[in-house]
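Chemist: Below is the file input15.txt, with compact mmCIF, C-alpha atoms.
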```txt
# COMPACT_ATOMS: atom_id res chain seq x y z
CA MET S 1 13.60 -24.17 6.77
CA VAL S 2 12.81 -21.23 9.03
CA GLU S 3 15.62 -18.79 9.74
CA LEU S 4 15.43 -17.12 13.16
CA TRP S 5 18.15 -15.40 15.19
CA GLY S 6 20.94 -16.42 12.84
CA ARG S 7 20.06 -20.10 12.81
CA GLN S 8 17.96 -22.37 10.62
CA TRP S 9 15.25 -24.50 12.20
CA THR S 10 13.06 -27.36 11.06
CA ARG S 11 9.39 -27.45 12.05
CA GLN S 12 10.07 -30.25 14.51
CA GLN S 13 12.97 -28.40 16.15
CA LEU S 14 10.96 -25.21 16.66
CA LEU S 15 7.74 -26.78 17.90
CA ALA S 16 9.67 -28.97 20.37
CA ARG S 17 10.88 -25.80 22.07
CA VAL S 18 7.55 -23.98 22.57
CA GLY S 19 4.12 -24.70 23.99
CA ARG S 20 2.45 -23.01 21.03
CA LEU S 21 3.80 -21.32 17.92
CA ASP S 22 2.23 -18.12 19.32
CA GLN S 23 5.20 -17.96 21.69
CA LEU S 24 7.31 -17.07 18.65
CA ALA S 25 4.97 -15.67 16.03
CA GLY S 26 1.38 -15.58 14.91
CA VAL S 27 -1.71 -13.63 13.88
CA GLN S 28 -4.12 -12.28 16.49
CA LEU S 29 -7.57 -10.78 15.90
CA VAL S 30 -8.31 -7.85 18.23
CA GLN S 31 -10.74 -4.94 18.34
CA ALA S 32 -10.04 -1.30 19.14
CA ALA S 33 -12.08 -0.14 22.12
CA ASP S 34 -11.88 3.63 22.53
CA GLY S 35 -12.31 6.93 20.71
CA ALA S 36 -12.91 7.20 16.98
CA GLU S 37 -11.32 3.79 16.40
CA ARG S 38 -13.74 1.93 18.70
CA GLY S 39 -15.11 -1.17 17.05
CA VAL S 40 -12.46 -1.44 14.31
CA ARG S 41 -11.08 -4.97 13.96
CA LEU S 42 -7.33 -5.47 13.61
CA LEU S 43 -5.15 -8.45 12.79
CA ARG S 44 -1.78 -8.22 14.50
CA PHE S 45 1.03 -10.08 12.76
CA ALA S 46 4.31 -10.94 14.48
CA THR S 47 6.82 -12.90 12.38
CA GLY S 48 9.27 -13.70 15.17
CA ALA S 49 12.02 -11.65 13.54
CA GLY S 50 10.97 -8.38 15.17
CA PHE S 51 8.83 -7.51 12.14
CA ASP S 52 5.35 -6.64 13.36
CA PHE S 53 2.44 -5.08 11.49
CA GLU S 54 -1.31 -4.69 11.75
CA VAL S 55 -4.02 -5.30 9.17
CA LEU S 56 -6.93 -2.86 9.38
CA VAL S 57 -9.76 -5.31 8.77
CA ASP S 58 -12.47 -2.65 8.74
CA ARG S 59 -10.47 -0.14 6.70
CA GLY S 60 -10.07 -1.89 3.38
CA PHE S 61 -7.94 -4.72 4.82
CA ASP S 62 -4.96 -2.38 4.46
CA ILE S 63 -1.66 -2.43 6.35
CA GLY S 64 -1.50 0.06 9.23
CA ARG S 65 1.39 0.48 11.64
CA ALA S 66 4.51 -1.60 11.04
CA SER S 67 7.84 -1.85 12.79
CA LEU S 68 11.12 -3.73 12.83
CA GLY S 69 12.77 -4.28 16.19
CA GLY S 70 10.51 -1.65 17.69
CA ARG S 71 11.44 1.00 15.12
CA PRO S 72 8.49 2.26 13.05
CA LEU S 73 8.59 1.85 9.29
CA ALA S 74 5.35 3.61 8.35
CA TRP S 75 4.05 7.13 8.91
CA TRP S 76 1.00 7.31 11.17
CA SER S 77 -1.10 10.39 10.46
CA PRO S 78 -2.51 12.93 12.95
CA VAL S 79 -5.94 11.38 12.25
CA GLY S 80 -4.87 7.92 13.36
CA LEU S 81 -7.28 5.04 13.10
CA THR S 82 -10.98 5.84 12.69
CA GLY S 83 -14.00 3.68 11.99
CA PRO S 84 -15.21 3.33 8.41
CA TRP S 85 -18.45 5.05 9.45
CA TYR S 86 -16.50 8.33 9.66
CA HIS S 87 -15.23 8.14 6.08
CA GLU S 88 -15.92 11.27 4.00
CA PRO S 89 -15.74 10.40 0.29
CA ALA S 90 -16.59 13.84 -1.15
CA GLY S 91 -14.00 16.38 -2.23
CA ILE S 92 -10.81 16.03 -0.21
CA GLY S 93 -12.65 14.59 2.79
CA TRP S 94 -10.45 11.48 2.32
CA PHE S 95 -7.80 13.27 4.41
CA ARG S 96 -10.16 13.36 7.43
CA GLY S 97 -9.98 9.58 7.64
CA PHE S 98 -6.50 8.94 6.24
CA PRO S 99 -4.54 6.95 8.85
CA GLY S 100 -1.33 6.70 6.86
CA GLY S 101 0.11 3.27 7.52
CA LEU S 102 2.33 1.07 5.43
CA VAL S 103 -0.25 0.48 2.66
CA SER S 104 -3.42 2.48 1.98
CA THR S 105 -5.24 1.19 -1.10
CA CYS S 106 -6.92 3.73 -3.37
CA GLY S 107 -9.67 2.78 -5.84
CA LEU S 108 -11.48 0.76 -6.98
CA ASP S 109 -13.20 2.83 -9.63
CA HIS S 110 -11.30 6.05 -9.00
CA THR S 111 -7.95 7.29 -7.65
CA LEU S 112 -6.15 10.62 -7.31
CA LEU S 113 -7.92 14.00 -7.53
CA GLY S 114 -11.63 13.93 -8.19
CA GLY S 115 -14.18 15.74 -10.30
CA THR S 116 -17.38 15.13 -12.24
CA ASP S 117 -17.22 12.50 -14.96
CA ASP S 118 -19.56 10.61 -17.27
CA SER S 119 -21.29 7.56 -15.74
CA SER S 120 -23.75 6.72 -18.49
CA VAL S 121 -22.13 3.28 -18.79
CA PHE S 122 -24.44 2.17 -15.95
CA ASN S 123 -27.58 2.78 -18.05
CA TYR S 124 -29.51 4.72 -15.42
CA PRO S 125 -31.23 7.92 -16.61
CA HIS S 126 -30.85 9.70 -13.27
CA ARG S 127 -27.11 9.01 -12.98
CA GLN S 128 -25.55 10.32 -16.16
CA THR S 129 -22.59 11.76 -14.22
CA GLU S 130 -20.78 10.95 -10.99
CA THR S 131 -18.71 13.29 -8.82
CA TYR S 132 -15.63 11.56 -7.48
CA GLY S 133 -13.65 12.53 -4.38
CA LEU S 134 -9.94 12.17 -3.74
CA HIS S 135 -8.69 8.57 -4.09
CA GLY S 136 -12.13 6.95 -4.21
CA ARG S 137 -14.23 5.11 -1.66
CA TYR S 138 -12.16 1.99 -1.04
CA THR S 139 -10.32 2.90 2.15
CA GLY S 140 -13.63 3.58 3.91
CA LEU S 141 -14.97 0.06 3.32
CA PRO S 142 -14.87 -2.80 5.86
CA ALA S 143 -13.72 -6.25 4.83
CA ARG S 144 -15.48 -9.58 5.19
CA LEU S 145 -12.83 -11.69 6.91
CA ALA S 146 -12.44 -15.14 5.36
CA ALA S 147 -9.47 -16.72 7.14
CA TYR S 148 -6.30 -16.03 9.08
CA GLY S 149 -3.62 -18.00 10.89
CA THR S 150 -0.40 -19.89 10.24
CA ARG S 151 0.24 -22.69 7.78
CA TRP S 152 3.17 -25.09 7.53
CA ASP S 153 4.40 -26.54 4.25
CA GLY S 154 7.13 -28.95 5.23
CA ASP S 155 9.65 -26.89 7.18
CA GLU S 156 8.37 -23.54 5.87
CA CYS S 157 5.72 -21.57 7.71
CA VAL S 158 3.57 -18.70 6.45
CA LEU S 159 1.40 -16.29 8.42
CA TYR S 160 -1.64 -15.33 6.35
CA ALA S 161 -5.00 -13.60 6.21
CA GLU S 162 -7.71 -13.48 3.53
CA ALA S 163 -10.70 -11.18 3.08
CA GLU S 164 -13.10 -9.65 0.58
CA VAL S 165 -13.96 -5.97 0.19
CA ALA S 166 -17.01 -4.99 -1.88
CA GLN S 167 -17.53 -1.56 -3.44
CA VAL S 168 -21.02 -1.78 -4.88
CA ALA S 169 -24.00 0.39 -5.76
CA VAL S 170 -27.37 -0.12 -7.43
CA PHE S 171 -27.02 1.41 -10.91
CA GLY S 172 -23.30 1.88 -10.27
CA GLU S 173 -20.00 0.13 -9.81
CA GLN S 174 -20.02 -3.44 -8.53
CA LEU S 175 -16.38 -4.20 -7.86
CA VAL S 176 -15.11 -6.80 -5.40
CA LEU S 177 -11.51 -7.07 -4.22
CA THR S 178 -10.23 -10.32 -2.72
CA ARG S 179 -6.93 -9.99 -0.87
CA ARG S 180 -4.48 -12.48 0.57
CA ILE S 181 -1.79 -11.17 2.90
CA GLU S 182 1.27 -13.29 3.69
CA ALA S 183 4.43 -12.98 5.76
CA ASP S 184 7.03 -15.69 6.35
CA LEU S 185 7.84 -16.96 9.81
CA GLY S 186 11.20 -15.27 10.42
CA GLY S 187 10.60 -12.79 7.59
CA THR S 188 10.72 -9.01 7.41
CA ALA S 189 8.31 -8.35 4.55
CA VAL S 190 4.59 -8.59 3.81
CA ARG S 191 3.06 -9.71 0.50
CA LEU S 192 -0.33 -8.65 -0.88
CA ALA S 193 -2.07 -10.56 -3.68
CA ASP S 194 -5.20 -8.76 -4.91
CA THR S 195 -7.87 -9.69 -7.44
CA VAL S 196 -10.49 -7.12 -8.49
CA THR S 197 -13.61 -8.54 -10.15
CA ASN S 198 -16.46 -6.71 -11.85
CA THR S 199 -19.49 -8.57 -10.51
CA GLY S 200 -21.96 -6.19 -12.16
CA PRO S 201 -23.93 -6.41 -15.43
CA THR S 202 -22.18 -3.51 -17.20
CA ALA S 203 -18.64 -2.42 -17.92
CA CYS S 204 -17.12 -0.41 -15.06
CA PRO S 205 -14.18 2.03 -14.80
CA HIS S 206 -11.28 0.69 -12.74
CA MET S 207 -8.31 2.52 -11.24
CA MET S 208 -5.88 1.27 -8.57
CA LEU S 209 -3.09 2.85 -6.51
CA TYR S 210 -1.10 1.63 -3.51
CA HIS S 211 -0.24 4.53 -1.18
CA CYS S 212 2.84 3.23 0.74
CA ASN S 213 3.63 5.77 3.45
CA ILE S 214 7.16 5.81 4.86
CA GLY S 215 7.90 7.75 8.04
CA PHE S 216 10.49 8.48 10.72
CA PRO S 217 13.00 7.03 11.60
CA VAL S 218 13.41 5.66 8.07
CA LEU S 219 12.52 9.11 6.77
CA ASP S 220 15.00 11.69 8.06
CA ASP S 221 17.58 14.15 6.76
CA THR S 222 19.98 11.26 6.01
CA ALA S 223 17.46 9.32 3.88
CA GLU S 224 17.20 9.08 0.11
CA LEU S 225 14.97 7.70 -2.60
CA CYS S 226 16.49 4.75 -4.41
CA TYR S 227 14.63 4.08 -7.66
CA PRO S 228 15.50 2.16 -10.85
CA ALA S 229 14.61 5.22 -12.90
CA PRO S 230 16.09 8.36 -14.44
CA PRO S 231 15.20 11.71 -12.81
CA GLY S 232 11.46 12.01 -12.47
CA SER S 233 9.00 14.60 -13.73
CA CYS S 234 7.64 17.06 -11.19
CA VAL S 235 3.83 17.20 -11.42
CA SER S 236 3.23 19.63 -8.55
CA GLU S 237 3.56 23.39 -8.23
CA ALA S 238 6.29 23.10 -5.60
CA ARG S 239 9.52 21.30 -6.43
CA THR S 240 13.03 20.62 -5.11
CA GLU S 241 15.91 20.14 -7.51
CA ASP S 242 17.68 17.44 -5.52
CA TYR S 243 14.38 15.88 -4.47
CA ARG S 244 15.73 12.35 -4.03
CA ALA S 245 17.79 13.55 -1.07
CA LEU S 246 15.30 13.86 1.78
CA ALA S 247 15.40 16.55 4.46
CA ALA S 248 14.35 17.40 8.00
CA PRO S 249 10.77 18.60 8.64
CA GLU S 250 9.83 22.18 7.76
CA PRO S 251 6.65 23.75 9.19
CA ALA S 252 5.85 25.60 5.94
CA PHE S 253 6.68 22.75 3.54
CA VAL S 254 4.38 22.49 0.50
CA GLU S 255 3.78 19.03 -0.91
CA GLU S 256 5.65 17.84 -4.00
CA CYS S 257 4.79 15.03 -6.40
CA TYR S 258 7.04 13.30 -8.93
CA GLU S 259 6.38 10.67 -11.58
CA HIS S 260 9.06 8.11 -12.46
CA ASP S 261 9.47 5.77 -15.40
CA MET S 262 10.55 2.69 -13.45
CA THR S 263 12.72 0.03 -15.06
CA PRO S 264 11.75 -3.51 -14.06
CA GLY S 265 14.21 -6.33 -13.63
CA ALA S 266 14.41 -9.33 -15.93
CA ASP S 267 11.61 -10.92 -13.89
CA GLY S 268 9.24 -8.02 -14.65
CA TYR S 269 9.28 -6.66 -11.09
CA VAL S 270 10.24 -3.14 -10.00
CA ARG S 271 12.21 -2.69 -6.76
CA ALA S 272 12.15 0.78 -5.21
CA ALA S 273 13.11 1.97 -1.74
CA VAL S 274 13.51 4.74 0.78
CA LEU S 275 16.91 4.08 2.38
CA ASN S 276 18.54 5.59 5.43
CA ARG S 277 22.03 4.14 5.60
CA ALA S 278 22.95 6.30 8.60
CA ALA S 279 20.08 4.75 10.57
CA GLY S 280 20.74 1.27 9.14
CA LEU S 281 17.12 1.02 8.05
CA GLY S 282 15.01 1.32 4.94
CA VAL S 283 11.73 0.24 3.36
CA TYR S 284 11.42 -1.34 -0.10
CA GLN S 285 8.53 -2.19 -2.35
CA ARG S 286 8.36 -4.75 -5.15
CA TYR S 287 5.59 -4.92 -7.74
CA ARG S 288 4.94 -5.90 -11.35
CA ARG S 289 5.42 -3.12 -13.87
CA ASP S 290 2.89 -4.64 -16.30
CA GLN S 291 0.18 -4.48 -13.58
CA LEU S 292 1.08 -1.01 -12.26
CA PRO S 293 2.78 0.90 -15.10
CA HIS S 294 2.95 4.28 -13.32
CA HIS S 295 4.73 5.38 -10.15
CA ILE S 296 4.12 8.56 -8.16
CA THR S 297 6.14 9.87 -5.22
CA TRP S 298 4.43 12.09 -2.66
CA ARG S 299 7.15 14.12 -0.93
CA GLN S 300 5.57 15.80 2.08
CA LEU S 301 8.30 16.93 4.48
CA GLY S 302 6.21 19.10 6.79
CA SER S 303 6.18 19.11 10.58
CA GLY S 304 3.92 16.30 11.77
CA THR S 305 2.85 15.51 8.22
CA TYR S 306 6.36 14.18 7.60
CA VAL S 307 6.02 11.40 5.05
CA VAL S 308 7.24 10.11 1.72
CA ALA S 309 4.80 7.86 -0.14
CA MET S 310 5.83 5.46 -2.90
CA GLU S 311 2.72 4.94 -5.03
CA PRO S 312 2.63 2.34 -7.83
CA SER S 313 -0.48 3.03 -9.86
CA THR S 314 -2.50 2.04 -12.90
CA ASN S 315 -2.68 5.71 -13.93
CA ARG S 316 -0.75 8.97 -14.06
CA ASP S 317 -0.86 11.55 -11.27
CA ALA S 318 -3.16 13.84 -13.29
CA GLY S 319 -6.03 11.51 -12.44
CA ARG S 320 -9.31 10.37 -13.91
CA LEU S 321 -10.26 13.14 -16.34
CA ASP S 322 -6.76 13.20 -17.83
CA ALA S 323 -6.87 9.40 -18.15
CA ARG S 324 -10.17 9.56 -20.00
CA GLU S 325 -8.88 12.26 -22.33
CA ARG S 326 -5.76 10.20 -23.12
CA GLY S 327 -7.81 7.04 -23.66
CA GLU S 328 -6.08 5.47 -20.63
CA LEU S 329 -9.08 5.06 -18.32
CA GLY S 330 -9.41 1.32 -17.80
CA PHE S 331 -12.69 -0.60 -17.78
CA LEU S 332 -13.56 -4.06 -16.54
CA GLU S 333 -16.20 -5.93 -18.50
CA PRO S 334 -18.78 -8.00 -16.57
CA GLY S 335 -16.94 -10.88 -14.92
CA GLU S 336 -13.52 -9.54 -15.88
CA GLN S 337 -10.69 -9.56 -13.32
CA ARG S 338 -7.42 -7.73 -12.71
CA HIS S 339 -4.63 -9.11 -10.55
CA TYR S 340 -2.05 -7.14 -8.56
CA GLU S 341 0.97 -8.13 -6.48
CA LEU S 342 2.79 -5.93 -3.97
CA GLU S 343 5.56 -6.78 -1.54
CA ILE S 344 6.80 -4.28 1.01
CA GLY S 345 9.37 -4.82 3.71
CA ALA S 346 12.31 -3.65 5.76
CA VAL S 347 15.88 -3.13 4.54
CA THR S 348 18.77 -3.59 6.96
CA GLU S 349 21.45 -4.80 4.54
CA PHE S 350 22.35 -2.34 1.82
CA SER S 351 24.70 -4.40 -0.34
CA ASP S 352 21.80 -5.48 -2.58
CA TRP S 353 21.10 -1.80 -3.30
CA ALA S 354 24.68 -0.81 -4.12
CA ALA S 355 24.12 -1.07 -7.87
CA ALA S 356 21.13 1.25 -7.58
CA ARG S 357 22.93 3.94 -5.59
CA PRO S 358 24.06 5.96 -8.63
CA ARG S 359 20.34 6.51 -9.27
CA CYS S 360 19.47 7.35 -5.69
CA ARG S 361 20.10 11.06 -6.12
CA ARG S 362 18.97 13.29 -8.89
CA GLY S 363 21.60 14.02 -11.52
CA SER S 364 24.20 11.61 -10.16
```
Go ahead and express the file in the form of C-alpha cells.
Modeler:
Amino acid sequence: MVELWGRQWTRQQLLARVGRLDQLAGVQLVQAADGAERGVRLLRFATGAGFDFEVLVDRGFDIGRASLGGRPLAWWSPVGLTGPWYHEPAGIGWFRGFPGGLVSTCGLDHTLLGGTDDSSVFNYPHRQTETYGLHGRYTGLPARLAAYGTRWDGDECVLYAEAEVAQVAVFGEQLVLTRRIEADLGGTAVRLADTVTNTGPTACPHMMLYHCNIGFPVLDDTAELCYPAPPGSCVSEARTEDYRALAAPEPAFVEECYEHDMTPGADGYVRAAVLNRAAGLGVYQRYRRDQLPHHITWRQLGSGTYVVAMEPSTNRDAGRLDARERGELGFLEPGEQRHYELEIGAVTEFSDWAAARPRCRRGS
C-alpha cells in the first residue's frame, strides 16, 4: 500500500479521490528555455511526499536539484545547468560544466584526475596514447530517452524513467550505459540501476564514480559525516583533524579529500550519510560494496562552493595512472557488462543512525 500523510492507501482509494494521479505525484518532461541551459530536457519527479527531484536527460541522465518539503538536499554549483554542447573534457574543464546536483556520474572509461595513458588496446596506429581530463566524458553526454511515467503493481506505485547513454568513438571506447531511475509514490528516496556494456570489438578500460553532492541546509556547521568506517585516510594536501564534523563556509577554504574503508551490512550494502540533527535533515546513500569497493569524500567548505560529496567508486582517489600501476585498472571485454546500484534519499528520522553515531566523528 501507498503511505501518504501518515495514512496508508490502496490504489482504489487514492484514484477515487483525484482526477489524475498527477494531482498527487508524477513525472513530467520539460525543456529549459533560456541562457546556457536552453534546450536541455528535464524530467521532474514529484513523489507526493514533498520529495521532488529532476533528472537531467541531456546531461548523462543524472540527478540534478532535489528537495524535501521545499528544503534543498543537493548543492547546486555556480555554473548551474548548461547544455552538453558546452562540455569541456580536456584538463580540468569539467568544472566549467559541473552543475553539482544530487548525483553526477563520472566515467565511463576514466574518472578522477587525468593524464596521458596507453590506448594501444584499440589497435589503431595513430592512437597509441590518450589524454584524459578530469572525471571523463560521461557527464557531457545526452541520453536517449526510452520511457518514463508511473506504474502500479497491485497497491504499490513506482515513478520511473529509463534511458541509454553512449560514450563511443571510432578506434576508441564503445561503452553504453543503460539506466533505470525509480522512486516510490510516497517515498523520499531515488534508486538508480545502471548497466555498462562494452559494445566494441576490443577490450576497453572502465572506471565509474558517483559524485553525490550534498549542500545547505543539510550541510552546515551542525552537520556531520556518518560512515560505517574507521577514520579515513587524507589524500589531499589540506586536511582537518576532526574532518567528520562539518563547519561554516570559509572564503579561503582549500579542498580536502578522504578515503574510507566502508563496512557493508550483512546484505552487502553500505549505508553512509551526511546528517544535520539540529536541522532535522540529512541525506543518505546506499550501494553495494562489491560493485563500488572504494569511497572518497570531497570536503569543500568554501564560500559559494560549499559542498560535501560522498563518492562511491570503482577506484582509489589517486586515479587512472595509479590504478594501472597497481594492476587495479578494470577492463570490459567485448560484450561484457558491469552492474551498479545506488540509492540516495532524505533522512528525517535519526533513530536508525543511532548505532552509527560513535563513528560519526573522528576519534570518537
Chemist: Where does segment 131-226 of chain S meet segment 286-309 of chain S within 7 Å, residue by residue, with the nearest atom pair and distance in Å to one decimal for each, counting all atoms listed in the file, listed by chain and rising number, as a tab-separated table?
Modeler:
```
residue	atom	partner	partner_atom	distance
S:His211	CA	S:Ala309	CA	6.1
S:Cys212	CA	S:Ala309	CA	5.1
S:Asn213	CA	S:Ala309	CA	4.3
S:Ile214	CA	S:Val308	CA	5.3
S:Gly215	CA	S:Val307	CA	5.1
```
Chemist: Contacts of Val170 of chain S at 10 Å or less, counting only C-alpha atoms, minus same-chain residues fewer than 5 places along, as a ChimeraX atom specification?
Modeler: /S:122,124,200
Chemist: Write out as a compact mmCIF listing (two decimals) with C-alpha atoms, in the frame of the given file the residues lying within 10 Å of segment 132-142 of chain S, counting only C-alpha atoms and excluding same-chain residues fewer than 2 positions away.
Modeler:
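Printed below is around38.txt as written:
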```txt
# COMPACT_ATOMS: atom_id res chain seq x y z
CA VAL S 40 -12.46 -1.44 14.31
CA ARG S 41 -11.08 -4.97 13.96
CA LEU S 56 -6.93 -2.86 9.38
CA VAL S 57 -9.76 -5.31 8.77
CA ASP S 58 -12.47 -2.65 8.74
CA ARG S 59 -10.47 -0.14 6.70
CA GLY S 60 -10.07 -1.89 3.38
CA PHE S 61 -7.94 -4.72 4.82
CA ASP S 62 -4.96 -2.38 4.46
CA THR S 82 -10.98 5.84 12.69
CA GLY S 83 -14.00 3.68 11.99
CA PRO S 84 -15.21 3.33 8.41
CA TRP S 85 -18.45 5.05 9.45
CA TYR S 86 -16.50 8.33 9.66
CA HIS S 87 -15.23 8.14 6.08
CA GLU S 88 -15.92 11.27 4.00
CA PRO S 89 -15.74 10.40 0.29
CA ALA S 90 -16.59 13.84 -1.15
CA GLY S 91 -14.00 16.38 -2.23
CA ILE S 92 -10.81 16.03 -0.21
CA GLY S 93 -12.65 14.59 2.79
CA TRP S 94 -10.45 11.48 2.32
CA PHE S 95 -7.80 13.27 4.41
CA GLY S 97 -9.98 9.58 7.64
CA PHE S 98 -6.50 8.94 6.24
CA PRO S 99 -4.54 6.95 8.85
CA SER S 104 -3.42 2.48 1.98
CA THR S 105 -5.24 1.19 -1.10
CA CYS S 106 -6.92 3.73 -3.37
CA GLY S 107 -9.67 2.78 -5.84
CA LEU S 108 -11.48 0.76 -6.98
CA ASP S 109 -13.20 2.83 -9.63
CA HIS S 110 -11.30 6.05 -9.00
CA THR S 111 -7.95 7.29 -7.65
CA LEU S 112 -6.15 10.62 -7.31
CA LEU S 113 -7.92 14.00 -7.53
CA GLY S 114 -11.63 13.93 -8.19
CA GLY S 115 -14.18 15.74 -10.30
CA THR S 116 -17.38 15.13 -12.24
CA ASP S 117 -17.22 12.50 -14.96
CA THR S 129 -22.59 11.76 -14.22
CA GLU S 130 -20.78 10.95 -10.99
CA ARG S 144 -15.48 -9.58 5.19
CA LEU S 145 -12.83 -11.69 6.91
CA ALA S 163 -10.70 -11.18 3.08
CA GLU S 164 -13.10 -9.65 0.58
CA VAL S 165 -13.96 -5.97 0.19
CA ALA S 166 -17.01 -4.99 -1.88
CA GLN S 167 -17.53 -1.56 -3.44
CA LEU S 177 -11.51 -7.07 -4.22
CA MET S 207 -8.31 2.52 -11.24
CA MET S 208 -5.88 1.27 -8.57
CA LEU S 209 -3.09 2.85 -6.51
CA HIS S 211 -0.24 4.53 -1.18
CA GLY S 319 -6.03 11.51 -12.44
CA ARG S 320 -9.31 10.37 -13.91
```
Chemist: Rounded to one decimal place, report the atom CA of Leu43 of chain S-atom CA of Val30 of chain S distance in Å.
Modeler: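 Atom CA of Val30 of chain S lies 6.3 Å from atom CA of Leu43 of chain S.
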Chemist: Would you kindly return, as a VMD selection string, each protein, DNA or RNA residue with an atom no farther than 10 Å from any atom of Leu219 of chain S, considering all atoms listed in the file and excluding same-chain residues fewer than 6 positions away?
Modeler: chain S and resid 73 to 75 225 246 to 249 274 to 276 279 281 to 283 301 306 to 308
Chemist: Using the partial input, fill out segment 116-127 of chain S with N, CA, C and O atoms; write the result as a PDB file, in the frame of the given file.
Modeler:
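File produced: result.pdb:
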```
ATOM      1  N   THR S 116     -16.153  15.697 -11.673  1.00  0.00           N
ATOM      2  CA  THR S 116     -17.380  15.130 -12.240  1.00  0.00           C
ATOM      3  C   THR S 116     -17.075  14.495 -13.581  1.00  0.00           C
ATOM      4  O   THR S 116     -16.459  15.111 -14.449  1.00  0.00           O
ATOM      5  N   ASP S 117     -17.530  13.264 -13.749  1.00  0.00           N
ATOM      6  CA  ASP S 117     -17.220  12.500 -14.960  1.00  0.00           C
ATOM      7  C   ASP S 117     -18.480  11.761 -15.426  1.00  0.00           C
ATOM      8  O   ASP S 117     -19.435  11.558 -14.675  1.00  0.00           O
ATOM      9  N   ASP S 118     -18.458  11.335 -16.665  1.00  0.00           N
ATOM     10  CA  ASP S 118     -19.560  10.610 -17.270  1.00  0.00           C
ATOM     11  C   ASP S 118     -19.758   9.248 -16.592  1.00  0.00           C
ATOM     12  O   ASP S 118     -18.783   8.540 -16.311  1.00  0.00           O
ATOM     13  N   SER S 119     -20.993   8.883 -16.296  1.00  0.00           N
ATOM     14  CA  SER S 119     -21.290   7.560 -15.740  1.00  0.00           C
ATOM     15  C   SER S 119     -22.443   6.892 -16.468  1.00  0.00           C
ATOM     16  O   SER S 119     -23.140   6.028 -15.919  1.00  0.00           O
ATOM     17  N   SER S 120     -22.640   7.271 -17.723  1.00  0.00           N
ATOM     18  CA  SER S 120     -23.750   6.720 -18.490  1.00  0.00           C
ATOM     19  C   SER S 120     -23.581   5.237 -18.779  1.00  0.00           C
ATOM     20  O   SER S 120     -24.552   4.571 -19.184  1.00  0.00           O
ATOM     21  N   VAL S 121     -22.379   4.698 -18.553  1.00  0.00           N
ATOM     22  CA  VAL S 121     -22.130   3.280 -18.790  1.00  0.00           C
ATOM     23  C   VAL S 121     -23.052   2.401 -17.934  1.00  0.00           C
ATOM     24  O   VAL S 121     -23.325   1.247 -18.288  1.00  0.00           O
ATOM     25  N   PHE S 122     -23.592   2.959 -16.838  1.00  0.00           N
ATOM     26  CA  PHE S 122     -24.440   2.170 -15.950  1.00  0.00           C
ATOM     27  C   PHE S 122     -25.910   2.158 -16.363  1.00  0.00           C
ATOM     28  O   PHE S 122     -26.744   1.541 -15.689  1.00  0.00           O
ATOM     29  N   ASN S 123     -26.240   2.869 -17.436  1.00  0.00           N
ATOM     30  CA  ASN S 123     -27.580   2.780 -18.050  1.00  0.00           C
ATOM     31  C   ASN S 123     -28.706   3.185 -17.094  1.00  0.00           C
ATOM     32  O   ASN S 123     -29.771   2.552 -17.060  1.00  0.00           O
ATOM     33  N   TYR S 124     -28.475   4.234 -16.331  1.00  0.00           N
ATOM     34  CA  TYR S 124     -29.510   4.720 -15.420  1.00  0.00           C
ATOM     35  C   TYR S 124     -29.759   6.195 -15.726  1.00  0.00           C
ATOM     36  O   TYR S 124     -28.843   7.022 -15.600  1.00  0.00           O
ATOM     37  N   PRO S 125     -30.962   6.555 -16.141  1.00  0.00           N
ATOM     38  CA  PRO S 125     -31.230   7.920 -16.610  1.00  0.00           C
ATOM     39  C   PRO S 125     -30.914   9.007 -15.588  1.00  0.00           C
ATOM     40  O   PRO S 125     -30.576  10.130 -15.965  1.00  0.00           O
ATOM     41  N   HIS S 126     -31.046   8.695 -14.304  1.00  0.00           N
ATOM     42  CA  HIS S 126     -30.850   9.700 -13.270  1.00  0.00           C
ATOM     43  C   HIS S 126     -29.415   9.731 -12.736  1.00  0.00           C
ATOM     44  O   HIS S 126     -29.129  10.410 -11.751  1.00  0.00           O
ATOM     45  N   ARG S 127     -28.521   8.996 -13.387  1.00  0.00           N
ATOM     46  CA  ARG S 127     -27.110   9.010 -12.980  1.00  0.00           C
ATOM     47  C   ARG S 127     -26.236   9.080 -14.221  1.00  0.00           C
ATOM     48  O   ARG S 127     -25.476   8.166 -14.507  1.00  0.00           O
TER      49      ARG S 127
END
```
